[in-house]
Amino acid sequence: WETSGLVLIDTATTTTTTTTNNSITQHDHTLEKNMFGDSMGPVNKNATTTTIRNENGDILLVVVTDSYGCLHVFDATHSLLKQEAQYKICNVPLSPPSVVNNDTNNGLVTIVCGTYDGRVVCVDHHHRRDSSDVVTTTTMRWQVSVGSIVYCKPAVIVVAHGSSSVLVCTTAGHVLRINTKDGTIVWRHRGVVRGEIWSDPVVLSDGRRVAFGARDSRLHIITMDGIQQNNNNNNNNRIE
């Protein structure tokens with residue numbers, strides 16, 4: 001949203017709640033409340049949601065990034081949006097965020113996104129209750145350079161025992177698999193995708209392959225162990 005903010009629409013009551021730079025307005029004009037002091041940048045990437053659990057029930061969180069390099073976490077459990085975190089990552093736009101790990105019982109959410117200055121970052125957001133108050137902390141777990149813009153949303157790959165990695169595509173046509181625990185690059189794909197990658201990679205239903213489109217006018221399918229399946233010929237291409 002170019003005017004900076006987040007919109008929450010209640011489809012049951014058709015009530016719309018909007019955040020702007022310094023205010024929140026419910027569009028039946030019954031509520032106007034200062035929400036946060038710092039400006040929220042234009043939001044032109046998809047948000048993502050996740051649920052955590054505490055003694056009072058489930059908490060619905062909305063995670064969104066903006067063009068000013070900030071990651072925002074909102075509590076959208078009720079009709080009124082409540083901002084839990086505004087975390088500055090860089091001074092350039094961010095890719096859509098992915099929730100890669102959700103420790104619901106401990107209120108820990110791990111979020112990965114890319115940056116326009118060629119990095120992938122991992123952030124931990126911790127939501128916990130201290131006596132009667134909710135305490136939230138947001139910290140950087142790791143960051144890794146990938147050499148070019150990350151425009152699209154990282155694809156989450158869950159493996160045995162709950163560990164996970166992400167598949168990241170860049171505008172240089174590179175594809176990387178990154179361990180979400182410590183940011184280690186498991187493998188890097190170079191040269192076979194001869195075009196910028198703007199579309200989000202999608203994990204196929206077999207759980208073993210990821211598909212994405214690119215500006216080379218092709219659909220690419222990559223297996224989790226580093227093989228590209230090329231539908232235009234009979235050759236398979238090994239990833240580094």
# chains A, B, ... in the order shown; residues from 1 in each chain; ligands from 1
>>> residues_around(residues="A:Val175", least_positions_apart="2", cutoff="12 Å", atoms="only C-alpha atoms", output="ChimeraX atom specification")
/A:146-150,152,154-155,166-173,177-178,185-198,200-201,210-214,220-224,226-228,239-240
>>> residues_around(residues="stretch 49-52 of chain A", least_positions_apart="5", cutoff="12 Å", atoms="only C-alpha atoms", output="mmCIF file with N, CA and C atoms, in the first residue's frame")
data_model
loop_
_atom_site.group_PDB
_atom_site.id
_atom_site.type_symbol
_atom_site.label_atom_id
_atom_site.label_comp_id
_atom_site.auth_asym_id
_atom_site.auth_seq_id
_atom_site.Cartn_x
_atom_site.Cartn_y
_atom_site.Cartn_z
ATOM 1 N N GLY A 57 -5.171 -18.360 25.272
ATOM 2 C CA GLY A 57 -5.652 -18.841 23.982
ATOM 3 C C GLY A 57 -4.687 -18.524 22.855
ATOM 4 N N ASP A 58 -5.175 -18.671 21.622
ATOM 5 C CA ASP A 58 -4.340 -18.462 20.451
ATOM 6 C C ASP A 58 -4.199 -16.968 20.140
ATOM 7 N N ILE A 59 -3.001 -16.594 19.699
ATOM 8 C CA ILE A 59 -2.700 -15.228 19.279
ATOM 9 C C ILE A 59 -2.384 -15.274 17.779
ATOM 10 N N LEU A 60 -3.133 -14.519 16.993
ATOM 11 C CA LEU A 60 -2.917 -14.456 15.551
ATOM 12 C C LEU A 60 -1.978 -13.299 15.232
ATOM 13 N N LEU A 61 -0.842 -13.617 14.619
ATOM 14 C CA LEU A 61 0.133 -12.607 14.266
ATOM 15 C C LEU A 61 0.168 -12.407 12.747
ATOM 16 N N VAL A 62 0.316 -11.149 12.333
ATOM 17 C CA VAL A 62 0.524 -10.801 10.924
ATOM 18 C C VAL A 62 1.926 -10.221 10.806
ATOM 19 N N VAL A 63 2.705 -10.768 9.869
ATOM 20 C CA VAL A 63 4.077 -10.304 9.646
ATOM 21 C C VAL A 63 4.135 -9.658 8.270
ATOM 22 N N VAL A 64 4.692 -8.444 8.204
ATOM 23 C CA VAL A 64 4.734 -7.710 6.945
ATOM 24 C C VAL A 64 6.040 -6.928 6.868
ATOM 25 N N HIS A 72 7.612 -5.711 10.365
ATOM 26 C CA HIS A 72 6.584 -5.379 11.355
ATOM 27 C C HIS A 72 5.826 -6.649 11.754
ATOM 28 N N VAL A 73 5.519 -6.753 13.040
ATOM 29 C CA VAL A 73 4.696 -7.845 13.553
ATOM 30 C C VAL A 73 3.498 -7.235 14.260
ATOM 31 N N PHE A 74 2.287 -7.666 13.858
ATOM 32 C CA PHE A 74 1.046 -7.163 14.438
ATOM 33 C C PHE A 74 0.267 -8.297 15.083
ATOM 34 N N ASP A 75 -0.358 -8.001 16.201
ATOM 35 C CA ASP A 75 -1.336 -8.895 16.820
ATOM 36 C C ASP A 75 -2.696 -8.560 16.209
ATOM 37 N N ALA A 76 -3.248 -9.515 15.448
ATOM 38 C CA ALA A 76 -4.541 -9.312 14.786
ATOM 39 C C ALA A 76 -5.606 -10.238 15.354
ATOM 40 N N THR A 77 -5.438 -10.633 16.613
ATOM 41 C CA THR A 77 -6.387 -11.558 17.233
ATOM 42 C C THR A 77 -7.778 -10.949 17.309
ATOM 43 N N PRO A 96 8.882 -10.377 0.611
ATOM 44 C CA PRO A 96 7.859 -10.879 1.540
ATOM 45 C C PRO A 96 8.501 -11.799 2.581
ATOM 46 N N PRO A 97 7.975 -11.810 3.807
ATOM 47 C CA PRO A 97 8.547 -12.653 4.852
ATOM 48 C C PRO A 97 7.977 -14.072 4.825
ATOM 49 N N SER A 98 8.774 -15.005 5.326
ATOM 50 C CA SER A 98 8.319 -16.381 5.532
ATOM 51 C C SER A 98 8.530 -16.756 6.989
ATOM 52 N N VAL A 99 7.539 -17.394 7.590
ATOM 53 C CA VAL A 99 7.686 -17.943 8.941
ATOM 54 C C VAL A 99 8.236 -19.355 8.799
ATOM 55 N N VAL A 100 9.454 -19.564 9.286
ATOM 56 C CA VAL A 100 10.119 -20.850 9.086
ATOM 57 C C VAL A 100 10.042 -21.751 10.306
ATOM 58 N N ASN A 101 9.771 -21.168 11.455
ATOM 59 C CA ASN A 101 9.663 -21.975 12.668
ATOM 60 C C ASN A 101 8.720 -21.275 13.626
ATOM 61 N N ASN A 102 7.822 -22.042 14.208
ATOM 62 C CA ASN A 102 6.839 -21.466 15.115
ATOM 63 C C ASN A 102 6.735 -22.357 16.340
ATOM 64 N N ASP A 103 7.445 -21.969 17.399
ATOM 65 C CA ASP A 103 7.385 -22.689 18.671
ATOM 66 C C ASP A 103 6.192 -22.133 19.439
ATOM 67 N N THR A 104 5.007 -22.686 19.141
ATOM 68 C CA THR A 104 3.769 -22.096 19.644
ATOM 69 C C THR A 104 3.706 -22.058 21.161
ATOM 70 N N ASN A 105 4.214 -23.077 21.810
ATOM 71 C CA ASN A 105 4.098 -23.141 23.274
ATOM 72 C C ASN A 105 4.992 -22.124 23.973
ATOM 73 N N ASN A 106 6.110 -21.752 23.333
ATOM 74 C CA ASN A 106 7.027 -20.794 23.931
ATOM 75 C C ASN A 106 6.915 -19.404 23.323
ATOM 76 N N GLY A 107 5.989 -19.228 22.386
ATOM 77 C CA GLY A 107 5.766 -17.919 21.794
ATOM 78 C C GLY A 107 6.893 -17.420 20.917
ATOM 79 N N LEU A 108 7.697 -18.337 20.346
ATOM 80 C CA LEU A 108 8.835 -17.949 19.520
ATOM 81 C C LEU A 108 8.494 -18.154 18.043
ATOM 82 N N VAL A 109 8.646 -17.101 17.257
ATOM 83 C CA VAL A 109 8.407 -17.154 15.818
ATOM 84 C C VAL A 109 9.697 -16.758 15.112
ATOM 85 N N THR A 110 10.169 -17.607 14.189
ATOM 86 C CA THR A 110 11.375 -17.327 13.420
ATOM 87 C C THR A 110 10.981 -16.939 12.004
ATOM 88 N N ILE A 111 11.491 -15.793 11.549
ATOM 89 C CA ILE A 111 11.072 -15.186 10.287
ATOM 90 C C ILE A 111 12.294 -14.995 9.392
ATOM 91 N N HIS A 125 11.242 -13.515 16.741
ATOM 92 C CA HIS A 125 10.285 -12.670 17.470
ATOM 93 C C HIS A 125 9.713 -13.506 18.607
ATOM 94 N N HIS A 126 9.876 -13.002 19.843
ATOM 95 C CA HIS A 126 9.463 -13.739 21.039
ATOM 96 C C HIS A 126 8.319 -12.998 21.713
ATOM 97 N N HIS A 127 7.190 -13.672 21.838
ATOM 98 C CA HIS A 127 5.992 -13.122 22.485
ATOM 99 C C HIS A 127 5.764 -13.916 23.765
ATOM 100 N N ARG A 128 5.860 -13.245 24.918
ATOM 101 C CA ARG A 128 5.673 -13.953 26.180
ATOM 102 C C ARG A 128 4.936 -13.056 27.167
#
>>> residues_around(residues="A:Thr65", least_positions_apart="3", cutoff="10 Å", atoms="only C-alpha atoms", output="PyMOL selection string")
chain A and resi 40-48+68-73+86-89+93-97+113
>>> write_last_selection(atoms="N, CA, C and O atoms", output="compact mmCIF listing (two decimals), in the first residue's frame")
# COMPACT_ATOMS: atom_id res chain seq x y z
N MET A 40 5.46 3.87 9.09
CA MET A 40 5.48 2.57 8.41
C MET A 40 5.59 2.85 6.93
O MET A 40 4.81 3.61 6.37
N GLY A 41 6.58 2.26 6.28
CA GLY A 41 6.82 2.53 4.88
C GLY A 41 5.78 1.88 3.98
O GLY A 41 4.95 1.09 4.42
N PRO A 42 5.82 2.22 2.68
CA PRO A 42 4.91 1.59 1.72
C PRO A 42 5.04 0.07 1.74
O PRO A 42 6.15 -0.47 1.81
N VAL A 43 3.91 -0.61 1.71
CA VAL A 43 3.89 -2.09 1.74
C VAL A 43 3.46 -2.58 0.37
O VAL A 43 2.31 -2.42 -0.02
N ASN A 44 4.38 -3.16 -0.38
CA ASN A 44 4.06 -3.68 -1.71
C ASN A 44 4.40 -5.15 -1.88
O ASN A 44 4.54 -5.65 -2.98
N LYS A 45 4.54 -5.84 -0.75
CA LYS A 45 4.77 -7.29 -0.75
C LYS A 45 3.70 -7.97 0.11
O LYS A 45 3.12 -7.36 1.00
N ASN A 46 3.46 -9.24 -0.16
CA ASN A 46 2.45 -10.00 0.58
C ASN A 46 2.84 -10.17 2.05
O ASN A 46 4.02 -10.40 2.36
N ALA A 47 1.85 -10.08 2.92
CA ALA A 47 2.05 -10.39 4.34
C ALA A 47 1.94 -11.89 4.55
O ALA A 47 1.51 -12.64 3.66
N THR A 48 2.34 -12.34 5.73
CA THR A 48 2.15 -13.74 6.11
C THR A 48 1.60 -13.78 7.53
O THR A 48 1.73 -12.81 8.28
N TYR A 68 10.93 0.59 3.41
CA TYR A 68 11.97 1.29 4.15
C TYR A 68 12.92 0.33 4.86
O TYR A 68 13.76 0.76 5.64
N GLY A 69 12.77 -0.97 4.62
CA GLY A 69 13.66 -1.95 5.22
C GLY A 69 13.27 -2.39 6.61
O GLY A 69 14.11 -2.88 7.37
N CYS A 70 11.98 -2.22 6.97
CA CYS A 70 11.51 -2.61 8.31
C CYS A 70 10.61 -3.84 8.24
O CYS A 70 9.81 -3.99 7.31
N LEU A 71 10.75 -4.68 9.25
CA LEU A 71 9.86 -5.82 9.44
C LEU A 71 8.90 -5.48 10.58
O LEU A 71 9.33 -5.00 11.63
N HIS A 72 7.61 -5.71 10.37
CA HIS A 72 6.58 -5.38 11.36
C HIS A 72 5.83 -6.65 11.75
O HIS A 72 5.52 -7.49 10.90
N VAL A 73 5.52 -6.75 13.04
CA VAL A 73 4.70 -7.85 13.55
C VAL A 73 3.50 -7.24 14.26
O VAL A 73 3.65 -6.38 15.14
N GLN A 86 8.50 -3.40 15.45
CA GLN A 86 8.95 -2.71 14.25
C GLN A 86 10.46 -2.80 14.25
O GLN A 86 11.14 -2.11 14.99
N TYR A 87 11.00 -3.70 13.41
CA TYR A 87 12.42 -4.03 13.48
C TYR A 87 13.12 -3.55 12.20
O TYR A 87 12.80 -4.00 11.11
N LYS A 88 14.07 -2.66 12.36
CA LYS A 88 14.80 -2.10 11.22
C LYS A 88 15.90 -3.07 10.79
O LYS A 88 16.80 -3.40 11.58
N ILE A 89 15.84 -3.52 9.53
CA ILE A 89 16.83 -4.45 9.01
C ILE A 89 17.85 -3.74 8.12
O ILE A 89 19.05 -3.99 8.19
N PRO A 93 14.19 -1.84 0.31
CA PRO A 93 13.02 -2.72 0.47
C PRO A 93 13.39 -4.16 0.80
O PRO A 93 14.48 -4.65 0.50
N LEU A 94 12.41 -4.85 1.40
CA LEU A 94 12.55 -6.25 1.79
C LEU A 94 11.61 -7.11 0.94
O LEU A 94 10.59 -6.64 0.44
N SER A 95 11.96 -8.38 0.83
CA SER A 95 11.06 -9.35 0.18
C SER A 95 9.90 -9.68 1.11
O SER A 95 9.92 -9.32 2.29
N PRO A 96 8.88 -10.38 0.61
CA PRO A 96 7.86 -10.88 1.54
C PRO A 96 8.50 -11.80 2.58
O PRO A 96 9.46 -12.51 2.28
N PRO A 97 7.98 -11.81 3.81
CA PRO A 97 8.55 -12.65 4.85
C PRO A 97 7.98 -14.07 4.82
O PRO A 97 6.86 -14.30 4.38
N CYS A 113 13.53 -13.29 5.55
CA CYS A 113 13.19 -12.49 4.37
C CYS A 113 14.48 -12.10 3.67
O CYS A 113 15.58 -12.19 4.23
>>> closest_residue(among="A:Ser79, A:Asn91, A:Ser145, A:Asn54", to="A:Ser67", atoms="only C-alpha atoms")
A:Asn91
>>> decode(residues="stretch 173-186 of chain A", atoms="all heavy atoms", output="compact mmCIF listing (two decimals), in the first residue's frame")
# COMPACT_ATOMS: atom_id res chain seq x y z
N GLY A 173 19.44 -14.74 -11.01
CA GLY A 173 19.14 -16.09 -11.49
C GLY A 173 19.74 -17.18 -10.64
O GLY A 173 19.77 -18.35 -11.04
N HIS A 174 20.23 -16.84 -9.45
CA HIS A 174 20.80 -17.82 -8.55
C HIS A 174 19.72 -18.38 -7.63
O HIS A 174 18.77 -17.68 -7.26
CB HIS A 174 21.91 -17.22 -7.71
CG HIS A 174 23.08 -16.75 -8.51
ND1 HIS A 174 24.13 -16.05 -7.97
CD2 HIS A 174 23.36 -16.85 -9.83
CE1 HIS A 174 25.02 -15.76 -8.90
NE2 HIS A 174 24.56 -16.23 -10.05
N VAL A 175 19.88 -19.64 -7.24
CA VAL A 175 18.99 -20.30 -6.29
C VAL A 175 19.85 -20.89 -5.18
O VAL A 175 20.85 -21.56 -5.47
CB VAL A 175 18.15 -21.41 -6.96
CG1 VAL A 175 17.18 -22.01 -5.96
CG2 VAL A 175 17.42 -20.87 -8.17
N LEU A 176 19.48 -20.63 -3.93
CA LEU A 176 20.26 -21.11 -2.80
C LEU A 176 19.36 -21.82 -1.81
O LEU A 176 18.21 -21.42 -1.61
CB LEU A 176 20.97 -19.95 -2.07
CG LEU A 176 21.87 -19.03 -2.87
CD1 LEU A 176 21.09 -17.83 -3.37
CD2 LEU A 176 23.05 -18.58 -2.03
N ARG A 177 19.90 -22.86 -1.22
CA ARG A 177 19.24 -23.48 -0.07
C ARG A 177 20.04 -23.14 1.18
O ARG A 177 21.26 -23.37 1.23
CB ARG A 177 19.14 -25.00 -0.24
CG ARG A 177 18.40 -25.67 0.91
CD ARG A 177 18.13 -27.13 0.65
NE ARG A 177 17.47 -27.75 1.80
CZ ARG A 177 17.05 -29.02 1.82
NH1 ARG A 177 17.20 -29.79 0.75
NH2 ARG A 177 16.47 -29.50 2.90
N ILE A 178 19.36 -22.56 2.19
CA ILE A 178 20.03 -22.04 3.37
C ILE A 178 19.45 -22.69 4.62
O ILE A 178 18.22 -22.75 4.78
CB ILE A 178 19.87 -20.50 3.45
CG1 ILE A 178 20.43 -19.84 2.19
CG2 ILE A 178 20.55 -19.95 4.70
CD1 ILE A 178 20.17 -18.35 2.13
N ASN A 179 20.33 -23.16 5.49
CA ASN A 179 19.91 -23.74 6.76
C ASN A 179 19.40 -22.62 7.68
O ASN A 179 20.11 -21.64 7.91
CB ASN A 179 21.09 -24.46 7.42
CG ASN A 179 20.70 -25.25 8.65
OD1 ASN A 179 20.03 -24.73 9.54
ND2 ASN A 179 21.13 -26.49 8.71
N THR A 180 18.18 -22.76 8.19
CA THR A 180 17.61 -21.68 9.00
C THR A 180 18.16 -21.63 10.42
O THR A 180 17.96 -20.63 11.12
CB THR A 180 16.08 -21.79 9.06
OG1 THR A 180 15.72 -23.07 9.58
CG2 THR A 180 15.48 -21.62 7.67
N LYS A 181 18.85 -22.66 10.85
CA LYS A 181 19.40 -22.65 12.20
C LYS A 181 20.54 -21.66 12.34
O LYS A 181 20.60 -20.89 13.31
CB LYS A 181 19.87 -24.05 12.59
CG LYS A 181 20.43 -24.13 14.01
CD LYS A 181 20.84 -25.55 14.36
CE LYS A 181 21.39 -25.62 15.78
NZ LYS A 181 21.80 -27.01 16.14
N ASP A 182 21.46 -21.65 11.35
CA ASP A 182 22.65 -20.82 11.48
C ASP A 182 23.01 -20.03 10.22
O ASP A 182 24.03 -19.35 10.19
CB ASP A 182 23.84 -21.67 11.91
CG ASP A 182 24.11 -22.83 10.94
OD1 ASP A 182 23.51 -22.86 9.85
OD2 ASP A 182 24.92 -23.71 11.29
N GLY A 183 22.19 -20.12 9.16
CA GLY A 183 22.47 -19.37 7.94
C GLY A 183 23.48 -20.01 7.01
O GLY A 183 23.92 -19.37 6.04
N THR A 184 23.84 -21.26 7.27
CA THR A 184 24.78 -21.95 6.38
C THR A 184 24.15 -22.19 5.01
O THR A 184 23.01 -22.64 4.92
CB THR A 184 25.19 -23.30 6.99
OG1 THR A 184 25.78 -23.08 8.27
CG2 THR A 184 26.17 -24.04 6.09
N ILE A 185 24.89 -21.88 3.94
CA ILE A 185 24.42 -22.17 2.58
C ILE A 185 24.67 -23.65 2.29
O ILE A 185 25.81 -24.10 2.24
CB ILE A 185 25.12 -21.27 1.55
CG1 ILE A 185 24.76 -19.80 1.81
CG2 ILE A 185 24.73 -21.68 0.13
CD1 ILE A 185 25.47 -18.82 0.89
N VAL A 186 23.58 -24.41 2.10
CA VAL A 186 23.68 -25.85 1.85
C VAL A 186 24.16 -26.10 0.43
O VAL A 186 25.05 -26.92 0.20
CB VAL A 186 22.32 -26.53 2.09
CG1 VAL A 186 22.40 -28.03 1.83
CG2 VAL A 186 21.83 -26.25 3.51
